[in-house]
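Engineer: Sharing query.txt below, compact mmCIF, C-alpha atoms (C1' of nucleotides):
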# COMPACT_ATOMS: atom_id res chain seq x y z
CA MET A 791 -10.50 -17.48 10.88
CA ILE A 792 -10.16 -13.92 12.10
CA ASP A 793 -12.29 -12.05 14.57
CA ASP A 794 -13.33 -8.44 14.95
CA ARG A 795 -10.14 -7.48 16.72
CA ASP A 796 -8.04 -8.91 13.91
CA ARG A 797 -10.17 -7.04 11.43
CA LYS A 798 -9.65 -3.84 13.34
CA LEU A 799 -5.91 -4.41 13.45
CA LEU A 800 -5.81 -5.04 9.72
CA ALA A 801 -7.80 -1.89 9.08
CA LEU A 802 -5.38 0.09 11.22
CA LEU A 803 -2.36 -1.38 9.47
CA GLN A 804 -3.85 -0.61 6.08
CA GLU A 805 -4.14 2.98 7.24
CA ASP A 806 -0.75 3.29 8.88
CA ALA A 807 1.74 0.47 9.07
CA GLU A 808 4.03 2.48 11.34
CA LEU A 809 1.76 2.48 14.37
CA PRO A 810 3.69 1.01 17.28
CA VAL A 811 2.27 -2.25 18.58
CA ASN A 812 1.72 -0.39 21.80
CA ASP A 813 -0.77 2.00 20.20
CA MET A 814 -2.51 -0.75 18.28
CA ALA A 815 -2.87 -2.76 21.46
CA GLU A 816 -4.61 0.17 23.15
CA ARG A 817 -6.97 0.67 20.25
CA VAL A 818 -8.19 -2.90 20.35
CA ALA A 819 -8.04 -3.18 24.14
CA LEU A 820 -5.39 -5.86 24.32
CA SER A 821 -2.01 -6.21 25.96
CA VAL A 822 1.04 -5.51 23.84
CA SER A 823 2.07 -9.14 23.74
CA ALA A 824 -1.36 -10.43 22.79
CA CYS A 825 -1.61 -7.81 20.09
CA TRP A 826 1.84 -8.59 18.81
CA ARG A 827 1.03 -12.29 18.60
CA ARG A 828 -2.06 -11.47 16.55
CA ILE A 829 -0.08 -9.36 14.11
CA ARG A 830 2.49 -12.11 13.76
CA ARG A 831 -0.26 -14.64 13.10
CA LEU A 832 -1.94 -12.39 10.56
CA THR A 833 1.39 -12.07 8.80
CA SER A 834 2.35 -15.74 8.85
CA ASP A 835 -1.16 -16.78 7.81
CA GLY A 836 -0.81 -14.46 4.83
CA TYR A 837 -3.44 -11.84 5.63
CA ILE A 838 -0.73 -9.21 5.65
CA LEU A 839 1.37 -9.58 2.53
CA ARG A 840 3.87 -6.80 3.06
CA ARG A 841 4.34 -3.23 4.12
CA VAL A 842 5.21 -0.59 1.59
CA ALA A 843 5.88 3.12 1.38
CA ILE A 844 3.42 5.30 -0.52
CA LEU A 845 5.18 7.99 -2.50
CA ASP A 846 3.92 11.39 -3.61
CA ARG A 847 3.16 11.31 -7.32
CA ARG A 848 3.74 15.01 -7.87
CA LYS A 849 7.01 15.03 -5.97
CA MET A 850 8.11 12.02 -7.98
CA GLN A 851 7.28 13.87 -11.19
CA VAL A 852 4.65 11.41 -12.36
CA PRO A 853 1.39 13.22 -11.65
CA THR A 854 -0.48 12.04 -14.73
CA THR A 855 -2.79 9.02 -14.70
CA MET A 856 -4.19 7.50 -17.85
CA TYR A 857 -6.41 4.54 -18.47
CA VAL A 858 -6.05 2.65 -21.69
CA THR A 859 -8.53 0.17 -23.06
CA ILE A 860 -7.27 -2.45 -25.45
CA ARG A 861 -9.01 -4.74 -27.87
CA THR A 862 -7.25 -7.47 -29.75
CA SER A 863 -8.38 -9.62 -32.64
CA ASP A 864 -5.76 -12.24 -31.84
CA HIS A 865 -6.80 -14.36 -28.88
CA SER A 866 -4.01 -16.90 -29.11
CA SER A 867 -1.94 -17.81 -26.09
CA ASN A 868 1.05 -16.64 -28.07
CA TRP A 869 -0.33 -13.14 -28.36
CA LEU A 870 -1.17 -13.08 -24.66
CA GLU A 871 2.30 -14.14 -23.67
CA ASN A 872 3.79 -11.49 -25.90
CA PHE A 873 1.44 -8.86 -24.54
CA ARG A 874 2.11 -9.89 -20.96
CA ALA A 875 5.86 -9.59 -21.47
CA ALA A 876 5.56 -6.20 -23.15
CA VAL A 877 3.39 -4.90 -20.32
CA ALA A 878 5.76 -6.29 -17.70
CA ASP A 879 8.67 -4.42 -19.29
CA VAL A 880 7.05 -1.02 -18.98
CA PRO A 881 7.24 0.39 -15.46
CA GLU A 882 4.81 3.18 -16.34
CA ILE A 883 2.09 0.56 -16.80
CA VAL A 884 1.28 -0.10 -13.17
CA GLU A 885 -1.84 -2.21 -13.57
CA THR A 886 -3.29 -4.44 -16.25
CA TYR A 887 -6.52 -6.39 -16.11
CA ARG A 888 -8.18 -8.76 -18.51
CA LEU A 889 -11.84 -7.88 -18.54
CA THR A 890 -15.13 -9.38 -19.60
CA GLY A 891 -17.14 -7.67 -22.30
CA ASN A 892 -16.09 -5.64 -25.29
CA ILE A 893 -12.92 -4.32 -23.68
CA ASP A 894 -10.24 -7.00 -23.58
CA TYR A 895 -7.66 -5.29 -21.40
CA LEU A 896 -7.53 -2.23 -19.22
CA LEU A 897 -4.22 -0.58 -18.38
CA LYS A 898 -3.52 1.98 -15.72
CA VAL A 899 -0.57 4.12 -16.68
CA ILE A 900 1.36 6.59 -14.55
CA LEU A 901 3.30 9.27 -16.40
CA PRO A 902 5.21 12.55 -16.02
CA ASP A 903 2.75 14.14 -18.46
CA VAL A 904 0.20 13.27 -21.11
CA GLU A 905 2.71 13.58 -23.94
CA HIS A 906 4.74 10.77 -22.44
CA TRP A 907 2.00 8.34 -23.34
CA ASP A 908 3.07 8.53 -26.94
CA ILE A 909 6.45 7.03 -26.08
CA ILE A 910 4.83 4.17 -24.20
CA TYR A 911 2.28 3.67 -26.94
CA LYS A 912 4.98 3.36 -29.59
CA ARG A 913 6.94 0.99 -27.43
CA LEU A 914 3.87 -1.23 -27.07
CA VAL A 915 2.72 -1.29 -30.69
CA SER A 916 6.24 -2.10 -31.83
CA ARG A 917 5.98 -5.36 -29.93
CA VAL A 918 2.31 -6.29 -29.97
CA ASN A 919 -0.53 -6.03 -32.48
CA PHE A 920 -3.73 -4.42 -31.34
CA PHE A 921 -7.16 -4.10 -32.86
CA ASP A 922 -7.99 -1.01 -30.87
CA VAL A 923 -6.24 1.14 -28.28
CA SER A 924 -8.20 3.93 -26.63
CA SER A 925 -6.75 6.17 -23.97
CA TYR A 926 -8.47 8.24 -21.32
CA ILE A 927 -6.74 10.91 -19.32
CA SER A 928 -7.61 11.26 -15.67
CA MET A 929 -8.70 14.83 -15.02
CA GLU A 930 -9.30 14.27 -11.34
CA GLU A 931 -8.83 11.60 -8.75
CA VAL A 932 -12.23 11.70 -7.09
CA LYS A 933 -11.45 8.90 -4.68
CA SER A 934 -8.45 6.74 -4.01
CA THR A 935 -8.07 4.69 -0.88
CA GLY A 936 -5.24 2.25 -1.28
CA GLN A 937 -7.34 0.08 1.02
CA ILE A 938 -9.48 -2.94 0.47
CA PRO A 939 -12.82 -2.99 2.28
CA THR A 940 -12.52 -4.78 5.61
CA ASN A 941 -16.07 -4.48 6.83
CA PHE A 942 -19.47 -4.43 5.21
CA VAL A 943 -22.47 -2.37 6.20
CA MET B 889 15.90 17.77 -5.55
CA ILE B 890 16.73 14.13 -5.14
CA ASP B 891 19.64 12.14 -6.50
CA ASP B 892 20.10 8.57 -7.65
CA ARG B 893 20.65 7.29 -4.13
CA ASP B 894 17.42 8.87 -2.95
CA ARG B 895 15.66 7.34 -5.91
CA LYS B 896 17.06 3.95 -5.04
CA LEU B 897 15.98 4.33 -1.43
CA LEU B 898 12.48 5.27 -2.50
CA ALA B 899 12.32 2.29 -4.83
CA LEU B 900 13.40 0.02 -2.00
CA LEU B 901 10.84 1.49 0.37
CA GLN B 902 8.12 1.09 -2.21
CA GLU B 903 9.05 -2.56 -2.35
CA ASP B 904 9.45 -3.19 1.35
CA ALA B 905 8.98 -0.52 3.96
CA GLU B 906 10.19 -2.81 6.74
CA LEU B 907 13.82 -2.92 5.70
CA PRO B 908 15.99 -1.76 8.58
CA VAL B 909 17.93 1.42 7.87
CA ASN B 910 21.02 -0.70 8.25
CA ASP B 911 20.16 -2.85 5.22
CA MET B 912 19.11 0.11 3.14
CA ALA B 913 22.37 1.85 3.94
CA GLU B 914 24.32 -1.14 2.66
CA ARG B 915 22.34 -1.30 -0.55
CA VAL B 916 23.07 2.30 -1.44
CA ALA B 917 26.60 2.25 -0.04
CA LEU B 918 26.06 4.79 2.67
CA SER B 919 26.60 4.90 6.41
CA VAL B 920 23.57 4.25 8.58
CA SER B 921 23.39 7.83 9.78
CA ALA B 922 23.70 9.33 6.31
CA CYS B 923 21.06 6.96 5.03
CA TRP B 924 18.81 7.66 7.96
CA ARG B 925 19.08 11.40 7.41
CA ARG B 926 18.13 10.91 3.77
CA ILE B 927 15.05 8.93 4.68
CA ARG B 928 14.05 11.55 7.22
CA ARG B 929 14.47 14.26 4.62
CA LEU B 930 12.49 12.32 2.02
CA THR B 931 9.73 11.96 4.58
CA SER B 932 9.67 15.54 5.80
CA ASP B 933 9.90 16.86 2.23
CA GLY B 934 6.85 14.80 1.41
CA TYR B 935 8.29 12.28 -1.03
CA ILE B 936 7.23 9.51 1.31
CA LEU B 937 3.61 10.04 2.26
CA ARG B 938 3.06 7.08 4.55
CA ARG B 939 3.64 3.41 5.04
CA VAL B 940 0.83 0.95 4.78
CA ALA B 941 0.18 -2.77 4.99
CA ILE B 942 -0.90 -4.61 1.86
CA LEU B 943 -3.52 -7.24 2.61
CA ASP B 944 -4.35 -10.42 0.76
CA ARG B 945 -7.57 -9.97 -1.19
CA ARG B 946 -8.50 -13.66 -1.16
CA LYS B 947 -7.81 -14.06 2.54
CA MET B 948 -9.90 -10.97 3.18
CA GLN B 949 -12.75 -12.48 1.17
CA VAL B 950 -12.82 -9.76 -1.46
CA PRO B 951 -11.17 -11.41 -4.46
CA THR B 952 -13.34 -9.82 -7.14
CA THR B 953 -12.36 -6.70 -9.02
CA MET B 954 -14.73 -4.81 -11.25
CA TYR B 955 -14.37 -1.67 -13.27
CA VAL B 956 -17.41 0.48 -13.84
CA THR B 957 -17.71 3.23 -16.39
CA ILE B 958 -20.21 5.97 -15.78
CA ARG B 959 -21.75 8.59 -18.00
CA THR B 960 -23.95 11.36 -16.72
CA SER B 961 -26.13 13.82 -18.55
CA ASP B 962 -26.14 16.16 -15.59
CA HIS B 963 -22.87 18.07 -15.38
CA SER B 964 -23.88 20.44 -12.60
CA SER B 965 -21.69 20.93 -9.56
CA ASN B 966 -24.61 19.74 -7.53
CA TRP B 967 -24.61 16.39 -9.25
CA LEU B 968 -20.87 16.05 -8.82
CA GLU B 969 -21.06 16.80 -5.13
CA ASN B 970 -23.81 14.27 -4.73
CA PHE B 971 -21.89 11.68 -6.72
CA ARG B 972 -18.71 12.33 -4.81
CA ALA B 973 -20.47 11.85 -1.48
CA ALA B 974 -22.13 8.64 -2.63
CA VAL B 975 -18.83 7.24 -3.84
CA ALA B 976 -17.10 8.23 -0.62
CA ASP B 977 -19.69 6.35 1.41
CA VAL B 978 -19.09 3.04 -0.32
CA PRO B 979 -15.93 1.30 0.92
CA GLU B 980 -16.10 -1.23 -1.92
CA ILE B 981 -15.44 1.59 -4.38
CA VAL B 982 -11.72 1.98 -3.88
CA GLU B 983 -10.90 4.32 -6.74
CA THR B 984 -12.79 6.85 -8.80
CA TYR B 985 -11.44 8.99 -11.61
CA ARG B 986 -12.97 11.65 -13.74
CA LEU B 987 -11.83 11.03 -17.27
CA THR B 988 -11.61 12.82 -20.57
CA GLY B 989 -13.58 11.50 -23.52
CA ASN B 990 -16.86 9.69 -23.71
CA ILE B 991 -16.52 8.04 -20.31
CA ASP B 992 -17.16 10.52 -17.53
CA TYR B 993 -16.10 8.44 -14.54
CA LEU B 994 -14.27 5.20 -13.97
CA LEU B 995 -14.73 3.27 -10.72
CA LYS B 996 -12.63 0.44 -9.41
CA VAL B 997 -14.66 -1.79 -7.15
CA ILE B 998 -13.47 -4.56 -4.85
CA LEU B 999 -16.03 -7.18 -3.88
CA PRO B 1000 -16.53 -10.58 -2.26
CA ASP B 1001 -18.09 -11.79 -5.53
CA VAL B 1002 -19.66 -10.53 -8.72
CA GLU B 1003 -23.18 -10.74 -7.33
CA HIS B 1004 -22.27 -8.22 -4.67
CA TRP B 1005 -22.04 -5.53 -7.33
CA ASP B 1006 -25.80 -5.47 -7.56
CA ILE B 1007 -26.04 -4.28 -3.97
CA ILE B 1008 -23.54 -1.51 -4.59
CA TYR B 1009 -25.22 -0.60 -7.85
CA LYS B 1010 -28.60 -0.23 -6.17
CA ARG B 1011 -27.09 1.82 -3.41
CA LEU B 1012 -25.58 4.19 -5.97
CA VAL B 1013 -28.58 4.63 -8.23
CA SER B 1014 -30.80 5.31 -5.24
CA ARG B 1015 -28.71 8.41 -4.55
CA VAL B 1016 -27.47 9.57 -7.93
CA ASN B 1017 -28.88 9.72 -11.45
CA PHE B 1018 -26.82 8.22 -14.23
CA PHE B 1019 -27.10 8.28 -17.98
CA ASP B 1020 -25.15 5.06 -18.38
CA VAL B 1021 -23.47 2.57 -16.06
CA SER B 1022 -21.41 -0.23 -17.61
CA SER B 1023 -19.55 -2.77 -15.57
CA TYR B 1024 -16.60 -4.96 -16.47
CA ILE B 1025 -15.47 -7.91 -14.43
CA SER B 1026 -11.78 -8.52 -14.08
CA MET B 1027 -11.02 -12.06 -15.20
CA GLU B 1028 -7.32 -11.80 -14.49
CA GLU B 1029 -4.90 -9.41 -12.93
CA VAL B 1030 -2.19 -9.44 -15.59
CA LYS B 1031 0.00 -6.92 -13.81
CA SER B 1032 -0.24 -5.03 -10.58
CA THR B 1033 2.70 -3.29 -8.98
CA GLY B 1034 1.49 -1.03 -6.25
CA GLN B 1035 4.48 1.06 -7.24
CA ILE B 1036 4.89 4.25 -9.18
CA PRO B 1037 7.74 4.34 -11.68
CA THR B 1038 10.87 5.80 -10.14
CA ASN B 1039 13.20 5.66 -13.09
CA PHE B 1040 12.83 5.93 -16.83
CA VAL B 1041 14.64 4.01 -19.51
C1' DT C 960 29.93 12.61 7.97
C1' DG C 961 30.51 9.19 11.54
C1' DT C 962 30.34 7.36 16.41
C1' DG C 963 28.10 5.81 20.09
C1' DA C 964 24.87 6.31 23.75
C1' DA C 965 19.98 7.14 24.98
C1' DA C 966 15.26 6.32 23.86
C1' DC C 967 12.07 3.77 21.94
C1' DT C 968 9.99 -0.68 19.94
C1' DA C 969 9.75 -5.25 19.04
C1' DT C 970 10.19 -9.74 20.65
C1' DT C 971 10.51 -13.52 23.83
C1' DC C 972 9.68 -15.74 28.14
C1' DC C 973 6.86 -17.26 31.68
C1' DG C 974 3.19 -17.72 34.87
C1' DT C 975 -2.03 -17.29 34.73
C1' DT C 976 -6.81 -17.88 33.19
C1' DA D 499 -5.47 -21.65 23.29
C1' DA D 500 -5.02 -17.05 24.54
C1' DC D 501 -3.83 -13.55 27.84
C1' DG D 502 -0.91 -9.99 30.59
C1' DG D 503 3.39 -8.58 32.68
C1' DA D 504 8.20 -8.42 32.86
C1' DA D 505 12.70 -9.24 30.87
C1' DT D 506 15.52 -9.09 26.73
C1' DA D 507 16.96 -7.94 22.06
C1' DG D 508 17.02 -4.90 18.28
C1' DT D 509 16.22 -0.25 15.88
C1' DT D 510 15.83 4.30 15.57
C1' DT D 511 17.17 8.73 16.78
C1' DC D 512 20.20 12.32 17.80
C1' DA D 513 23.97 15.03 20.33
C1' DC D 514 28.44 15.76 19.60
C1' DA D 515 33.12 15.04 17.74
Please go through the file and, once you have read it, give me the structure as structure tokens.

Structural biologist:
Amino acid sequence: MIDDRDRKLLALLQEDAELPVNDMAERVALSVSACWRRIRRLTSDGYILRRVAILDRRKMQVPTTMYVTIRTSDHSSNWLENFRAAVADVPEIVETYRLTGNIDYLLKVILPDVEHWDIIYKRLVSRVNFFDVSSYISMEEVKSTGQIPTNFV
Amino acid sequence: MIDDRDRKLLALLQEDAELPVNDMAERVALSVSACWRRIRRLTSDGYILRRVAILDRRKMQVPTTMYVTIRTSDHSSNWLENFRAAVADVPEIVETYRLTGNIDYLLKVILPDVEHWDIIYKRLVSRVNFFDVSSYISMEEVKSTGQIPTNFV
DNA sequence: TGTGAAACTATTCCGTT
DNA sequence: AACGGAATAGTTTCACA
């Protein structure tokens, strides 16, 4: 189990994984070694999965976000496997969820521009059959914390 | 502008931001100093925004993902400001996009369990008026790379 | 562009509570 | 079991060739 200090450390690391242990130790009122041991434990216990760099979408020339809802009439495991493989092969599709309700799948797609979706779309439908594919362009990112909630009010 | 080596470095850093410069240098066939200078440039030019820790959702007791579509009949800037503030105040809402088409907003919500959505829902509707709120539970994360595409086939 | 030394950080060790 | 302090090991950073 983790305590409030651990939670605080995890929140800090979610914000900035480059903070020196020294600084983190100060923020949670611990010695460097105690703090370091906690971080090691949180890592080996699997709370911290990895540390990654966040890149600038505009700089990387992929500023466009689209969401795509998918409905299928074929609910066989064969179809799913096929779909899964197709989705895995397209780097522009960064997230895919199977949902409850009248939408079967939701894709998040990251693209250089809206027109590029057509290429991806064609690549998908050439490999998988769909009953319905509806796409929504993101006009504005109102909120985006890459962080999971660590505390609850 | 960035070249193929830069692109490779960025891809590596997106995968694992803890790699020592030494290792990265080997992977792109560069000297440590040359590689280090590239990384510094990529950072100061804003390609690399920051480095963050990725936490385990299950370990953190928030395994549930929901997507919520929102439609409003009030398109005033006042409503938007109100909505934006409400969304900002809820840590469980990790992403919010304004979309084209018949869905106005799409929320991604991270929760301890499905039941918890009711609490969030009540908190939202107490502050903002909605025309329609539809929620979809994620049954399965089919794909999720926290990475933006760095190269195109 | 590369070398190597200085500066900074992470990590381990050990005695204490 | 977990802490703090001190010693050690490893990386990053940068001046200079």

Engineer: All in-order C-alpha pairs, least squares, chain B moved onto chain A. Output the fitted coordinates as a compact mmCIF listing (two decimals) with C-alpha atoms, in the frame of the given file, please.

Structural biologist:
# COMPACT_ATOMS: atom_id res chain seq x y z
CA MET B 889 -10.57 -17.37 10.82
CA ILE B 890 -10.24 -13.84 12.05
CA ASP B 891 -12.38 -11.93 14.51
CA ASP B 892 -13.40 -8.30 14.88
CA ARG B 893 -10.20 -7.37 16.68
CA ASP B 894 -8.09 -8.84 13.89
CA ARG B 895 -10.19 -6.95 11.39
CA LYS B 896 -9.64 -3.75 13.30
CA LEU B 897 -5.90 -4.37 13.44
CA LEU B 898 -5.79 -4.99 9.72
CA ALA B 899 -7.74 -1.82 9.06
CA LEU B 900 -5.31 0.13 11.21
CA LEU B 901 -2.31 -1.38 9.46
CA GLN B 902 -3.79 -0.59 6.09
CA GLU B 903 -4.01 2.99 7.24
CA ASP B 904 -0.63 3.27 8.90
CA ALA B 905 1.81 0.42 9.08
CA GLU B 906 4.16 2.38 11.34
CA LEU B 907 1.96 2.35 14.42
CA PRO B 908 3.87 0.81 17.31
CA VAL B 909 2.35 -2.41 18.62
CA ASN B 910 1.80 -0.53 21.83
CA ASP B 911 -0.63 1.93 20.21
CA MET B 912 -2.41 -0.77 18.27
CA ALA B 913 -2.86 -2.77 21.45
CA GLU B 914 -4.54 0.19 23.12
CA ARG B 915 -6.88 0.75 20.21
CA VAL B 916 -8.18 -2.80 20.28
CA ALA B 917 -8.05 -3.09 24.06
CA LEU B 918 -5.48 -5.82 24.23
CA SER B 919 -2.15 -6.29 25.97
CA VAL B 920 0.95 -5.64 23.90
CA SER B 921 1.92 -9.29 23.81
CA ALA B 922 -1.54 -10.50 22.82
CA CYS B 923 -1.71 -7.87 20.12
CA TRP B 924 1.76 -8.68 18.92
CA ARG B 925 0.92 -12.36 18.66
CA ARG B 926 -2.14 -11.50 16.61
CA ILE B 927 -0.13 -9.42 14.19
CA ARG B 928 2.43 -12.18 13.86
CA ARG B 929 -0.32 -14.67 13.15
CA LEU B 930 -1.97 -12.40 10.60
CA THR B 931 1.38 -12.09 8.89
CA SER B 932 2.33 -15.75 8.92
CA ASP B 933 -1.18 -16.76 7.84
CA GLY B 934 -0.80 -14.45 4.88
CA TYR B 935 -3.42 -11.83 5.65
CA ILE B 936 -0.70 -9.21 5.68
CA LEU B 937 1.38 -9.59 2.54
CA ARG B 938 3.90 -6.81 3.05
CA ARG B 939 4.39 -3.24 4.08
CA VAL B 940 5.24 -0.60 1.57
CA ALA B 941 5.89 3.12 1.36
CA ILE B 942 3.42 5.29 -0.53
CA LEU B 943 5.17 8.01 -2.51
CA ASP B 944 3.90 11.38 -3.62
CA ARG B 945 3.13 11.31 -7.33
CA ARG B 946 3.70 15.03 -7.87
CA LYS B 947 6.96 15.06 -5.96
CA MET B 948 8.08 12.07 -7.99
CA GLN B 949 7.25 13.92 -11.20
CA VAL B 950 4.63 11.45 -12.37
CA PRO B 951 1.36 13.25 -11.67
CA THR B 952 -0.52 12.04 -14.74
CA THR B 953 -2.81 9.04 -14.72
CA MET B 954 -4.22 7.50 -17.85
CA TYR B 955 -6.43 4.53 -18.46
CA VAL B 956 -6.07 2.63 -21.69
CA THR B 957 -8.53 0.14 -23.06
CA ILE B 958 -7.29 -2.48 -25.45
CA ARG B 959 -9.01 -4.79 -27.86
CA THR B 960 -7.24 -7.52 -29.75
CA SER B 961 -8.37 -9.67 -32.62
CA ASP B 962 -5.73 -12.25 -31.86
CA HIS B 963 -6.75 -14.38 -28.89
CA SER B 964 -3.94 -16.91 -29.12
CA SER B 965 -1.85 -17.80 -26.10
CA ASN B 966 1.11 -16.61 -28.07
CA TRP B 967 -0.30 -13.13 -28.34
CA LEU B 968 -1.14 -13.06 -24.65
CA GLU B 969 2.35 -14.12 -23.68
CA ASN B 970 3.80 -11.47 -25.90
CA PHE B 971 1.45 -8.84 -24.53
CA ARG B 972 2.13 -9.85 -20.97
CA ALA B 973 5.88 -9.55 -21.48
CA ALA B 974 5.55 -6.16 -23.13
CA VAL B 975 3.39 -4.87 -20.31
CA ALA B 976 5.77 -6.24 -17.71
CA ASP B 977 8.67 -4.38 -19.30
CA VAL B 978 7.04 -0.98 -19.02
CA PRO B 979 7.25 0.44 -15.48
CA GLU B 980 4.79 3.22 -16.36
CA ILE B 981 2.08 0.58 -16.81
CA VAL B 982 1.28 -0.08 -13.18
CA GLU B 983 -1.83 -2.21 -13.56
CA THR B 984 -3.28 -4.43 -16.25
CA TYR B 985 -6.51 -6.40 -16.10
CA ARG B 986 -8.16 -8.76 -18.48
CA LEU B 987 -11.82 -7.91 -18.52
CA THR B 988 -15.10 -9.41 -19.56
CA GLY B 989 -17.13 -7.72 -22.28
CA ASN B 990 -16.09 -5.70 -25.26
CA ILE B 991 -12.91 -4.38 -23.67
CA ASP B 992 -10.23 -7.04 -23.57
CA TYR B 993 -7.66 -5.30 -21.40
CA LEU B 994 -7.54 -2.24 -19.20
CA LEU B 995 -4.21 -0.58 -18.39
CA LYS B 996 -3.52 1.99 -15.73
CA VAL B 997 -0.58 4.14 -16.69
CA ILE B 998 1.35 6.62 -14.57
CA LEU B 999 3.29 9.30 -16.42
CA PRO B 1000 5.18 12.57 -16.05
CA ASP B 1001 2.71 14.15 -18.49
CA VAL B 1002 0.17 13.28 -21.14
CA GLU B 1003 2.67 13.59 -23.96
CA HIS B 1004 4.71 10.79 -22.45
CA TRP B 1005 1.97 8.33 -23.35
CA ASP B 1006 3.02 8.53 -26.97
CA ILE B 1007 6.40 7.05 -26.11
CA ILE B 1008 4.81 4.19 -24.21
CA TYR B 1009 2.25 3.68 -26.95
CA LYS B 1010 4.95 3.38 -29.60
CA ARG B 1011 6.91 1.00 -27.45
CA LEU B 1012 3.85 -1.22 -27.09
CA VAL B 1013 2.71 -1.28 -30.69
CA SER B 1014 6.23 -2.07 -31.85
CA ARG B 1015 5.98 -5.35 -29.93
CA VAL B 1016 2.32 -6.28 -29.99
CA ASN B 1017 -0.52 -6.04 -32.49
CA PHE B 1018 -3.74 -4.44 -31.34
CA PHE B 1019 -7.17 -4.15 -32.86
CA ASP B 1020 -8.01 -1.04 -30.87
CA VAL B 1021 -6.24 1.13 -28.31
CA SER B 1022 -8.22 3.92 -26.64
CA SER B 1023 -6.78 6.15 -23.99
CA TYR B 1024 -8.49 8.22 -21.32
CA ILE B 1025 -6.77 10.91 -19.32
CA SER B 1026 -7.65 11.25 -15.69
CA MET B 1027 -8.74 14.82 -15.03
CA GLU B 1028 -9.34 14.27 -11.34
CA GLU B 1029 -8.83 11.60 -8.77
CA VAL B 1030 -12.24 11.69 -7.10
CA LYS B 1031 -11.46 8.89 -4.67
CA SER B 1032 -8.46 6.75 -4.00
CA THR B 1033 -8.06 4.70 -0.86
CA GLY B 1034 -5.22 2.29 -1.29
CA GLN B 1035 -7.29 0.11 1.01
CA ILE B 1036 -9.44 -2.92 0.47
CA PRO B 1037 -12.76 -2.97 2.31
CA THR B 1038 -12.45 -4.75 5.63
CA ASN B 1039 -16.00 -4.50 6.85
CA PHE B 1040 -19.41 -4.42 5.24
CA VAL B 1041 -22.42 -2.40 6.22

Engineer: Sort by chain and increasing residue number a table of all residues of stretch 835-896 of chain A within 9 Å of stretch 891-901 of chain B, each with its closest pair of atoms and their distance in Å to one decimal, counting only C-alpha atoms, and write it as a Markdown table.

Structural biologist:
| residue | atom | partner | partner_atom | distance |
| --- | --- | --- | --- | --- |
| A:Arg841 | CA | B:Leu901 | CA | 8.9 |
| A:Val842 | CA | B:Leu901 | CA | 6.1 |
| A:Ala843 | CA | B:Leu901 | CA | 5.3 |
| A:Ile844 | CA | B:Leu901 | CA | 8.4 |
| A:Leu845 | CA | B:Leu898 | CA | 7.8 |

Engineer: State, in Å with one decimal place, the distance from atom C1' of C:DT970 to atom C1' of D:DA507.

Structural biologist: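 One can read the atom C1' of C:DT970 to atom C1' of D:DA507 distance as 7.1 Å.
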
Engineer: Could you please tell me, as a PDB file with C-alpha atoms, in the coordinates of the input, which residues of chain B have an atom within 6 Å of chain A when using all atoms listed in the file?

Structural biologist:
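This is the output file part12.pdb:
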ATOM      1  CA  LEU B 901      10.840   1.490   0.370  1.00  0.00           C
ATOM      2  CA  GLN B 902       8.120   1.090  -2.210  1.00  0.00           C
ATOM      3  CA  GLU B 903       9.050  -2.560  -2.350  1.00  0.00           C
ATOM      4  CA  ASP B 904       9.450  -3.190   1.350  1.00  0.00           C
ATOM      5  CA  ALA B 905       8.980  -0.520   3.960  1.00  0.00           C
ATOM      6  CA  TYR B 935       8.290  12.280  -1.030  1.00  0.00           C
ATOM      7  CA  ILE B 936       7.230   9.510   1.310  1.00  0.00           C
ATOM      8  CA  LEU B 937       3.610  10.040   2.260  1.00  0.00           C
ATOM      9  CA  ARG B 938       3.060   7.080   4.550  1.00  0.00           C
ATOM     10  CA  ARG B 939       3.640   3.410   5.040  1.00  0.00           C
ATOM     11  CA  VAL B 940       0.830   0.950   4.780  1.00  0.00           C
ATOM     12  CA  ALA B 941       0.180  -2.770   4.990  1.00  0.00           C
ATOM     13  CA  ILE B 942      -0.900  -4.610   1.860  1.00  0.00           C
ATOM     14  CA  LEU B 943      -3.520  -7.240   2.610  1.00  0.00           C
ATOM     15  CA  ASP B 944      -4.350 -10.420   0.760  1.00  0.00           C
ATOM     16  CA  LYS B 947      -7.810 -14.060   2.540  1.00  0.00           C
ATOM     17  CA  PRO B 979     -15.930   1.300   0.920  1.00  0.00           C
ATOM     18  CA  GLU B 980     -16.100  -1.230  -1.920  1.00  0.00           C
ATOM     19  CA  VAL B 982     -11.720   1.980  -3.880  1.00  0.00           C
ATOM     20  CA  GLU B 983     -10.900   4.320  -6.740  1.00  0.00           C
ATOM     21  CA  THR B 984     -12.790   6.850  -8.800  1.00  0.00           C
ATOM     22  CA  TYR B 985     -11.440   8.990 -11.610  1.00  0.00           C
ATOM     23  CA  ARG B 986     -12.970  11.650 -13.740  1.00  0.00           C
ATOM     24  CA  LEU B 987     -11.830  11.030 -17.270  1.00  0.00           C
ATOM     25  CA  THR B 988     -11.610  12.820 -20.570  1.00  0.00           C
ATOM     26  CA  TYR B1024     -16.600  -4.960 -16.470  1.00  0.00           C
ATOM     27  CA  ILE B1025     -15.470  -7.910 -14.430  1.00  0.00           C
ATOM     28  CA  SER B1026     -11.780  -8.520 -14.080  1.00  0.00           C
ATOM     29  CA  MET B1027     -11.020 -12.060 -15.200  1.00  0.00           C
ATOM     30  CA  GLU B1028      -7.320 -11.800 -14.490  1.00  0.00           C
ATOM     31  CA  GLU B1029      -4.900  -9.410 -12.930  1.00  0.00           C
ATOM     32  CA  VAL B1030      -2.190  -9.440 -15.590  1.00  0.00           C
ATOM     33  CA  LYS B1031       0.000  -6.920 -13.810  1.00  0.00           C
ATOM     34  CA  SER B1032      -0.240  -5.030 -10.580  1.00  0.00           C
ATOM     35  CA  THR B1033       2.700  -3.290  -8.980  1.00  0.00           C
ATOM     36  CA  PRO B1037       7.740   4.340 -11.680  1.00  0.00           C
TER      37      PRO B1037
END
